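Here's the structure we're looking at; comments come further down.
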Protein chains: 4
Amino acid sequence: MQPGPSNAITDVAGVRVGHVTVIRDEPDPPAGRGIARTGVTAILPGNVSRTSPVRAGAAVLNGAGELTGYLQVSEWGLIETPVYLTSTMAVGRVYDGAVDAAVAVDPTVGVGGVVIPVVGECDDSCLNDARTVQIQAADAGRAVAAAAAGPIPEGCVGAGTGMTLFDWKGGIGTASRFDPDTGATLGVLVLANFGSAADLRIDGVPLTPELVAATEPRQPAGSCIAVVLTDAPLGTAALGRLARRCGLGLARTGSMAHHGSGEIFLTLSTAPVEQPGVPLDGLFQACVEATEEAVVNALWAATDMTGRDGSVFRALPHEPVLELLRAAGRLS
Amino acid sequence: MQPGPSNAITDVAGVRVGHVTVIRDEPDPPAGRGIARTGVTAILPGNVSRTSPVRAGAAVLNGAGELTGYLQVSEWGLIETPVYLTSTMAVGRVYDGAVDAAVAVDPTVGVGGVVIPVVGECDDSCLNDARTVQIQAADAGRAVAAAAAGPIPEGCVGAGTGMTLFDWKGGIGTASRFDPDTGATLGVLVLANFGSAADLRIDGVPLTPELVAATEPRQPAGSCIAVVLTDAPLGTAALGRLARRCGLGLARTGSMAHHGSGEIFLTLSTAPVEQPGVPLDGLFQACVEATEEAVVNALWAATDMTGRDGSVFRALPHEPVLELLRAAGRLS
Amino acid sequence: MQPGPSNAITDVAGVRVGHVTVIRDEPDPPAGRGIARTGVTAILPGNVSRTSPVRAGAAVLNGAGELTGYLQVSEWGLIETPVYLTSTMAVGRVYDGAVDAAVAVDPTVGVGGVVIPVVGECDDSCLNDARTVQIQAADAGRAVAAAAAGPIPEGCVGAGTGMTLFDWKGGIGTASRFDPDTGATLGVLVLANFGSAADLRIDGVPLTPELVAATEPRQPAGSCIAVVLTDAPLGTAALGRLARRCGLGLARTGSMAHHGSGEIFLTLSTAPVEQPGVPLDGLFQACVEATEEAVVNALWAATDMTGRDGSVFRALPHEPVLELLRAAGRLS
Amino acid sequence: MQPGPSNAITDVAGVRVGHVTVIRDEPDPPAGRGIARTGVTAILPGNVSRTSPVRAGAAVLNGAGELTGYLQVSEWGLIETPVYLTSTMAVGRVYDGAVDAAVAVDPTVGVGGVVIPVVGECDDSCLNDARTVQIQAADAGRAVAAAAAGPIPEGCVGAGTGMTLFDWKGGIGTASRFDPDTGATLGVLVLANFGSAADLRIDGVPLTPELVAATEPRQPAGSCIAVVLTDAPLGTAALGRLARRCGLGLARTGSMAHHGSGEIFLTLSTAPVEQPGVPLDGLFQACVEATEEAVVNALWAATDMTGRDGSVFRALPHEPVLELLRAAGRLS
């Protein structure tokens, strides 16, 4: 299947993404706030608010993680705020800032009803001093304010700043596909923070033992939040089914969905009205392919990073991997 | 079945409950913070921390609500923090304060791994100015610090301060039962905020039309979080099954689990080691009965309250209801 | 809420119900087939076939039971055959007969695709010799052929023939409600086979200790399949949510959803096209009320029955119960 | 990870597998029964009966299929009969035969309680005349009687006789892994009937366009039942989590879990007593790897087959595929 023009979740019309990246080197508390390698990413499926909700579905492959709003998505098939991604222990701050942002844009919030913001997380405490919450509530609104269409920064940005992936540096990745069956575009953005180097497969090709040995083995626990946007006019039941396909994309990269991992998937449709009977197989394939590629793109875009206690995660080196892919006949 | 000595969730040995009640009458923003009728309730199943987690199960009857940590409970069957209850749009603040509290008590948090606090909510915006989040992050720790065993305040306290119930004033309620089959005690605490007066049943007896007419009809949406504690040595699968029985108790009071409602149930076992093959039918009955009674106790303990924009919710009047129960032969 | 003209699931236009009742007193095998107190009930939501499927939802309160087709309903929100109810160990025979019936009416079955019949069960082995499967595959087709609109037999008929309920004789019950919010009719049919006499509540009123003592205490395990039909134009997500409300109706009759019980609920919409945004609260209430009443109607319609090994289940005596209801002020 | 001695599900001690293969070429009905390419496979996790149940878990990736007993597994975490696999519309017959088999081995069945047999299916109607159910109830007992330990036939045998896979001939496949973390063996058996040739990946390597073109494109709908056995002492919650990993293994072969497909997974533990705290990551990896390889083994073992209406499915040719794997550096 073919990607969209930016090969990004923003290829779905109206979708915008904004990052707030927090990198800081201060003394340990109480003198300072320590080492920050973290951030917030906001995904806006066009306008979204309590009075203008967006149809949604969700699925969990392994649930050692958090996505606030998950229960409401499962029940109503709707979200009423942008989607926020951040560091695990900053979820409360971002939720709080998301409430502020919702109050600011919609005068009915808190009067005609309340909102439950959608905030997902991965654990960046390998690189980030997590005992001090490095995010401020206002960072949520800043990420929304920064949101833009078009190509979006990947790798060590926003919520992905401190994330690690197959023992390499990870973070934010995105990809998109056009489904000729429905004429719809589908885009995926992942916050990718999981896996062991020995398990990594890039387009089906494993790393050499030498490349694996170049990483330090870590606890394989980690997580991956995937957010899927499409302009296909799916209803909530179809969106829930689509969400499960993200796990197939992760599997192709080598995910085992470890015990300590949170593989949580959220799907959104920007089409104003749902239609029954939309054929799904093309969209399922688009979701599998775009999720797989988004993870690889997160690896590819990441750069070396040193974090708390001198911990270092290196970027996956491009040239040896390209060589491997060439040798396997996967590059023309 | 017989209740325990306090007819409260604290009849389960080691369990403590603490409330922070926030009642405030200030000018509208920006001059002040407006009208606060809200709070935080913390439930401590004995010691609980990242390094000393507690076995848990969960279930949802209608999911228009939030319980952070739900996904982790579903996956791992464990909680790693106390259980916090509060107002919907204060969940972020309480989550943030819960992180602080977890960092304070466990030096491994943020180093050896992170925690996902367990925070549930109902919407108190009928009485509480919700556009201004009236809770502070530190209120989470204050509720924990206030936690005590023995009889616990019910009605308009803690998270229950601004809640309404069957068009009357509601809030926090609790009850317990002793299960002779297993020798276990089971206690329930509800944050009860749902229903229409015409639907209310007390021990099976509906209100008179005159009593129903004494309330103002409202939007029936609302929510009910139920937290169940037991010292029965249940594993996570059995705890998940037990959680579903809370819905049967709510049904006996007249709950329809409305579209806009969040009926979310969490069960916890304080027994240090799980045992397979614990007989469940007595515990199921205990859960149904205690949940039903906890809702009635929330009504019974509540007092009249005036809130934002002059909105008034009256306490269910005791004498006419006792008269009804006597006439129906339900009181000796 | 008001019931429809027959107070039956057949109040939903186009719905038909057929029973095959199998009562037989033969010598024990191998000389004969023993004692049969069993049957098959078929529910037809208008025309239904592989090429003319019907939208469906499902929910489980306690899953110690079977409803074939449950997974397909959860995934597709569709059924492709009538709904069949029978005795637990006869499910295979009825499934087989349902395949025959599907092949007979639709030339595409087995060529353009296959069908998974929908067959639910309760355990009638208290009265029925279950070691010999007393049902024949052809009984499925016979139940379909017997299906009719209008008032339908209740109590000891069809699949309900050998069922027991709150230690009394149970079986098939039905009720309906008209929802003024949507102008829709909703009907429920239960195959009711659960509970202990001490738990029974009729319109909130428990039996006297004398009535309870008139039954023999049994194992409380049992089951209840509820099938809900409506002409409201619900989609599959809404139908799944509706299905969960059957449990609230059971709870009002005294169900604890025992460990050994199969409370499994199926909802179907006869409206040809789904519509988003149908208000659900009235339909939820209709479902709760009709489920509760259908259980009571199953008790009310049942008659005394003697079964295998001389086991006797008596019908709930009407006059003492009416007296109780009058004393409680529940009858005018 | 290393496979066990037979690289089969039977590497788990006590596990036996039996096939009944039904191949028949008769005139079309009514003169004969037409073309049969079908069968039954029985998997016995050691002794299993109502009085000697086996701990189980289950998961669904896409639910357009059937596994009877699924609800009971989800509720109780137990199976009480062997696991049977067959053709979709033969599920009733096999269920019926499984009841007979259960009655025969356990005198309490139908007296002290009933059993719900576990029967899974895929649709073999591409090759098999499915409008005539080609299986007899007694074939269930015959498959059990044929069950043996040690290496087991794969490909076009038992329930796999008429199945197709990635547009090639498919059927039964099996593989096993030894998990050094727990010292446990884990084996997988798949009934594999899904996918499009263009999607197939063997150890990450796609087919050449020439090989893809050698197949006829078909409807991609299909299904895959995976049954996992392990001697690790897992409880039901852990078994449910393990079951989800089968989907990751399927994904690595190229499964998109199409709309019309039934990816249903069942996990069983033969350890007599469950133990909490068994580390899962090694078992998860074993499950992913063994599921992936079991699918490939089903392809590898299958042979060309002609079925109804002259339909032909060819076996995946070995030599070109080995050549591809060599070229990609995946074979030493």
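Following the order of the structure tokens, first chain is A, next is B, and so on, with residues numbered from 1 inside each chain and ligands from 1 in the order they appear.
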
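Around Gly171 in chain A, within 9 Å and counting only C-alpha atoms, the residues found are Glu154, Gly155, Cys156, Val157, Gly158, Ala159, Gly160, Thr161, Gly162, Met163, Thr164, Leu165, Val190, Leu191, Ala192, Asn193, Val295, Ala298, Leu299, Ala301 and Ala302 of chain A, once anything fewer than 3 positions away on its own chain is removed.
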
- as a PyMOL selection string, please: all residues of range 86-202 of chain B that backbone DSSP puts in alpha helix (DSSP H). chain B and resi 91-105+138-145

Next, dump the selected residues to file, keeping only N, CA, C and O atoms, as a PDB file, in the first residue's frame.
```pdb
ATOM      1  N   VAL B  91      -9.418  14.569  38.694  1.00  0.00           N
ATOM      2  CA  VAL B  91      -8.670  13.306  38.654  1.00  0.00           C
ATOM      3  C   VAL B  91      -7.186  13.558  38.417  1.00  0.00           C
ATOM      4  O   VAL B  91      -6.324  12.913  39.027  1.00  0.00           O
ATOM      5  N   GLY B  92      -6.879  14.496  37.540  1.00  0.00           N
ATOM      6  CA  GLY B  92      -5.477  14.776  37.245  1.00  0.00           C
ATOM      7  C   GLY B  92      -4.722  15.260  38.475  1.00  0.00           C
ATOM      8  O   GLY B  92      -3.613  14.803  38.761  1.00  0.00           O
ATOM      9  N   ARG B  93      -5.321  16.177  39.198  1.00  0.00           N
ATOM     10  CA  ARG B  93      -4.668  16.689  40.419  1.00  0.00           C
ATOM     11  C   ARG B  93      -4.434  15.570  41.437  1.00  0.00           C
ATOM     12  O   ARG B  93      -3.384  15.515  42.076  1.00  0.00           O
ATOM     13  N   VAL B  94      -5.436  14.748  41.605  1.00  0.00           N
ATOM     14  CA  VAL B  94      -5.304  13.684  42.605  1.00  0.00           C
ATOM     15  C   VAL B  94      -4.286  12.650  42.156  1.00  0.00           C
ATOM     16  O   VAL B  94      -3.482  12.143  42.951  1.00  0.00           O
ATOM     17  N   TYR B  95      -4.261  12.365  40.875  1.00  0.00           N
ATOM     18  CA  TYR B  95      -3.249  11.458  40.316  1.00  0.00           C
ATOM     19  C   TYR B  95      -1.860  12.038  40.605  1.00  0.00           C
ATOM     20  O   TYR B  95      -0.944  11.323  41.047  1.00  0.00           O
ATOM     21  N   ASP B  96      -1.735  13.314  40.379  1.00  0.00           N
ATOM     22  CA  ASP B  96      -0.443  13.965  40.592  1.00  0.00           C
ATOM     23  C   ASP B  96      -0.046  13.888  42.071  1.00  0.00           C
ATOM     24  O   ASP B  96       1.097  13.555  42.410  1.00  0.00           O
ATOM     25  N   GLY B  97      -1.011  14.169  42.946  1.00  0.00           N
ATOM     26  CA  GLY B  97      -0.719  14.065  44.378  1.00  0.00           C
ATOM     27  C   GLY B  97      -0.449  12.632  44.804  1.00  0.00           C
ATOM     28  O   GLY B  97       0.370  12.386  45.711  1.00  0.00           O
ATOM     29  N   ALA B  98      -1.089  11.692  44.155  1.00  0.00           N
ATOM     30  CA  ALA B  98      -0.855  10.287  44.469  1.00  0.00           C
ATOM     31  C   ALA B  98       0.549   9.859  44.059  1.00  0.00           C
ATOM     32  O   ALA B  98       1.179   9.032  44.729  1.00  0.00           O
ATOM     33  N   VAL B  99       1.036  10.411  42.962  1.00  0.00           N
ATOM     34  CA  VAL B  99       2.425  10.151  42.560  1.00  0.00           C
ATOM     35  C   VAL B  99       3.373  10.682  43.632  1.00  0.00           C
ATOM     36  O   VAL B  99       4.315   9.998  44.054  1.00  0.00           O
ATOM     37  N   ASP B 100       3.119  11.908  44.081  1.00  0.00           N
ATOM     38  CA  ASP B 100       3.966  12.477  45.144  1.00  0.00           C
ATOM     39  C   ASP B 100       3.962  11.570  46.367  1.00  0.00           C
ATOM     40  O   ASP B 100       5.006  11.311  46.978  1.00  0.00           O
ATOM     41  N   ALA B 101       2.777  11.111  46.748  1.00  0.00           N
ATOM     42  CA  ALA B 101       2.669  10.267  47.932  1.00  0.00           C
ATOM     43  C   ALA B 101       3.416   8.954  47.739  1.00  0.00           C
ATOM     44  O   ALA B 101       4.063   8.446  48.670  1.00  0.00           O
ATOM     45  N   ALA B 102       3.360   8.399  46.522  1.00  0.00           N
ATOM     46  CA  ALA B 102       4.053   7.138  46.255  1.00  0.00           C
ATOM     47  C   ALA B 102       5.560   7.323  46.279  1.00  0.00           C
ATOM     48  O   ALA B 102       6.304   6.474  46.794  1.00  0.00           O
ATOM     49  N   VAL B 103       6.019   8.427  45.714  1.00  0.00           N
ATOM     50  CA  VAL B 103       7.456   8.731  45.745  1.00  0.00           C
ATOM     51  C   VAL B 103       7.928   8.879  47.195  1.00  0.00           C
ATOM     52  O   VAL B 103       9.009   8.401  47.570  1.00  0.00           O
ATOM     53  N   ALA B 104       7.109   9.498  48.000  1.00  0.00           N
ATOM     54  CA  ALA B 104       7.502   9.767  49.384  1.00  0.00           C
ATOM     55  C   ALA B 104       7.662   8.494  50.205  1.00  0.00           C
ATOM     56  O   ALA B 104       8.519   8.411  51.079  1.00  0.00           O
ATOM     57  N   VAL B 105       6.823   7.489  49.934  1.00  0.00           N
ATOM     58  CA  VAL B 105       6.870   6.294  50.792  1.00  0.00           C
ATOM     59  C   VAL B 105       7.741   5.184  50.240  1.00  0.00           C
ATOM     60  O   VAL B 105       8.034   4.230  50.949  1.00  0.00           O
ATOM     61  N   ALA B 138      -2.086  18.202  46.741  1.00  0.00           N
ATOM     62  CA  ALA B 138      -1.730  17.789  48.110  1.00  0.00           C
ATOM     63  C   ALA B 138      -2.908  17.198  48.865  1.00  0.00           C
ATOM     64  O   ALA B 138      -2.720  16.531  49.892  1.00  0.00           O
ATOM     65  N   ASP B 139      -4.134  17.427  48.387  1.00  0.00           N
ATOM     66  CA  ASP B 139      -5.286  16.829  49.058  1.00  0.00           C
ATOM     67  C   ASP B 139      -5.242  15.300  49.019  1.00  0.00           C
ATOM     68  O   ASP B 139      -5.823  14.642  49.895  1.00  0.00           O
ATOM     69  N   ALA B 140      -4.586  14.749  48.010  1.00  0.00           N
ATOM     70  CA  ALA B 140      -4.459  13.284  47.959  1.00  0.00           C
ATOM     71  C   ALA B 140      -3.697  12.781  49.179  1.00  0.00           C
ATOM     72  O   ALA B 140      -4.154  11.886  49.894  1.00  0.00           O
ATOM     73  N   GLY B 141      -2.533  13.361  49.404  1.00  0.00           N
ATOM     74  CA  GLY B 141      -1.740  12.966  50.567  1.00  0.00           C
ATOM     75  C   GLY B 141      -2.454  13.260  51.879  1.00  0.00           C
ATOM     76  O   GLY B 141      -2.326  12.491  52.841  1.00  0.00           O
ATOM     77  N   ARG B 142      -3.214  14.347  51.904  1.00  0.00           N
ATOM     78  CA  ARG B 142      -3.956  14.662  53.137  1.00  0.00           C
ATOM     79  C   ARG B 142      -5.014  13.594  53.429  1.00  0.00           C
ATOM     80  O   ARG B 142      -5.243  13.240  54.584  1.00  0.00           O
ATOM     81  N   ALA B 143      -5.665  13.119  52.395  1.00  0.00           N
ATOM     82  CA  ALA B 143      -6.674  12.076  52.609  1.00  0.00           C
ATOM     83  C   ALA B 143      -6.024  10.801  53.139  1.00  0.00           C
ATOM     84  O   ALA B 143      -6.566  10.122  54.018  1.00  0.00           O
ATOM     85  N   VAL B 144      -4.855  10.491  52.610  1.00  0.00           N
ATOM     86  CA  VAL B 144      -4.125   9.319  53.115  1.00  0.00           C
ATOM     87  C   VAL B 144      -3.731   9.533  54.570  1.00  0.00           C
ATOM     88  O   VAL B 144      -3.866   8.634  55.419  1.00  0.00           O
ATOM     89  N   ALA B 145      -3.242  10.718  54.860  1.00  0.00           N
ATOM     90  CA  ALA B 145      -2.805  10.998  56.238  1.00  0.00           C
ATOM     91  C   ALA B 145      -3.970  10.930  57.217  1.00  0.00           C
ATOM     92  O   ALA B 145      -3.790  10.600  58.391  1.00  0.00           O
TER      93      ALA B 145
END
```

- Query: Neighbours of Leu266 in chain C within 10 Å (only C-alpha atoms; same-chain residues fewer than 5 positions away dropped), as a ChimeraX atom specification?
  - Reply: /C:56-60,67,70,73,83,118,120,188,225-229,239-240,242-244,246

Take the residues from that selection and write them out as a tab-separated table (two decimals), in the first residue's frame, keeping C-alpha atoms.
```
chain	number	residue	atom	x	y	z
C	56	ALA	CA	-27.16	-8.20	17.42
C	57	GLY	CA	-25.31	-7.52	20.63
C	58	ALA	CA	-24.44	-9.73	23.58
C	59	ALA	CA	-23.22	-9.62	27.14
C	60	VAL	CA	-22.29	-12.07	29.86
C	67	LEU	CA	-24.39	-19.47	23.58
C	70	TYR	CA	-21.48	-15.39	20.82
C	73	VAL	CA	-22.08	-11.48	17.57
C	83	VAL	CA	-32.00	-18.11	18.05
C	118	VAL	CA	-27.04	-19.29	17.65
C	120	GLY	CA	-28.24	-21.10	24.03
C	188	VAL	CA	-37.66	-10.03	26.40
C	225	ILE	CA	-30.53	-16.88	28.93
C	226	ALA	CA	-32.32	-13.65	28.03
C	227	VAL	CA	-33.14	-12.73	24.44
C	228	VAL	CA	-34.16	-9.13	23.82
C	229	LEU	CA	-35.86	-7.90	20.65
C	239	LEU	CA	-27.11	-3.44	21.31
C	240	GLY	CA	-24.14	-4.67	23.29
C	242	LEU	CA	-28.40	-2.80	26.04
C	243	ALA	CA	-27.64	-6.46	26.67
C	244	ARG	CA	-25.85	-5.65	29.93
C	246	CYS	CA	-30.66	-7.75	31.44
```

- Message: Should the cut-off be 10 Å, what would the residue list for chain A against chain C look like, counting only C-alpha atoms, as a VMD selection string?
- Response: chain A and resid 74 to 77 235 to 238 240 to 241 273 to 276

- Query: Contacts of Arg131 in chain D at 12 Å or less, counting only C-alpha atoms, minus same-chain residues fewer than 4 places along, as a ChimeraX atom specification?
  - Reply: /C:96,99-115 /D:28-30,33-36,87-90,123-127,135,308

- Message: Could you go through range 2-110 of chain A and tell me which residues DSSP, when run on the backbone, assigns to strand (DSSP E or B), listing them as a ChimeraX atom specification?
- Response: /A:2,15-25,35-45,49,52,54-63,67,78-79,83-87,109

- Item | Counting only C-alpha atoms, the option among C:Thr10, C:Gln285, C:Thr41, C:Asn47 closest to Ala148 in chain C | C:Thr10

Counting only C-alpha atoms, what is within 9 Å of Met1 in chain C, bar same-chain residues fewer than 2 positions away, as a short mmCIF file (atom, residue, chain, number, x, y, z; two decimals) with N, CA and C atoms, in the first residue's frame?
```cif
data_model
loop_
_atom_site.label_atom_id
_atom_site.label_comp_id
_atom_site.auth_asym_id
_atom_site.auth_seq_id
_atom_site.Cartn_x
_atom_site.Cartn_y
_atom_site.Cartn_z
N PRO C 3 -46.59 -2.26 29.01
CA PRO C 3 -46.30 -3.41 28.15
C PRO C 3 -47.04 -3.29 26.83
N ARG C 177 -42.18 -3.94 26.83
CA ARG C 177 -42.41 -2.55 27.23
C ARG C 177 -42.39 -1.65 25.99
N PHE C 178 -43.17 -0.60 26.05
CA PHE C 178 -43.15 0.45 25.03
C PHE C 178 -42.37 1.62 25.59
N ASP C 179 -41.39 2.09 24.83
CA ASP C 179 -40.55 3.20 25.27
C ASP C 179 -41.02 4.49 24.62
N PRO C 180 -41.65 5.38 25.36
CA PRO C 180 -42.17 6.60 24.74
C PRO C 180 -41.07 7.49 24.16
N GLN C 285 -34.28 1.20 30.55
CA GLN C 285 -35.32 0.95 31.56
C GLN C 285 -36.30 -0.13 31.09
N ALA C 286 -36.68 -0.07 29.84
CA ALA C 286 -37.58 -1.09 29.29
C ALA C 286 -36.97 -2.48 29.42
N GLU C 289 -36.98 -3.58 33.18
CA GLU C 289 -38.33 -3.92 33.63
C GLU C 289 -38.85 -5.20 32.97
#
```

- Query: Which one of A:Thr81, A:Thr68, A:Asn297, A:Gln136 sits closest to Val54 in chain A if you count only C-alpha atoms?
  - Reply: A:Thr81

- Item | Neighbour list for Asp203 in chain D as number ranges by chain, cut-off 8 Å, only C-alpha atoms, skip fewer than 6 positions in-chain | A: 204; D: 252-253, 330

- Query: To one decimal place, how far is CA of Thr185 in chain A from CA of Pro53 in chain A in Å?
  - Reply: 20.3 Å
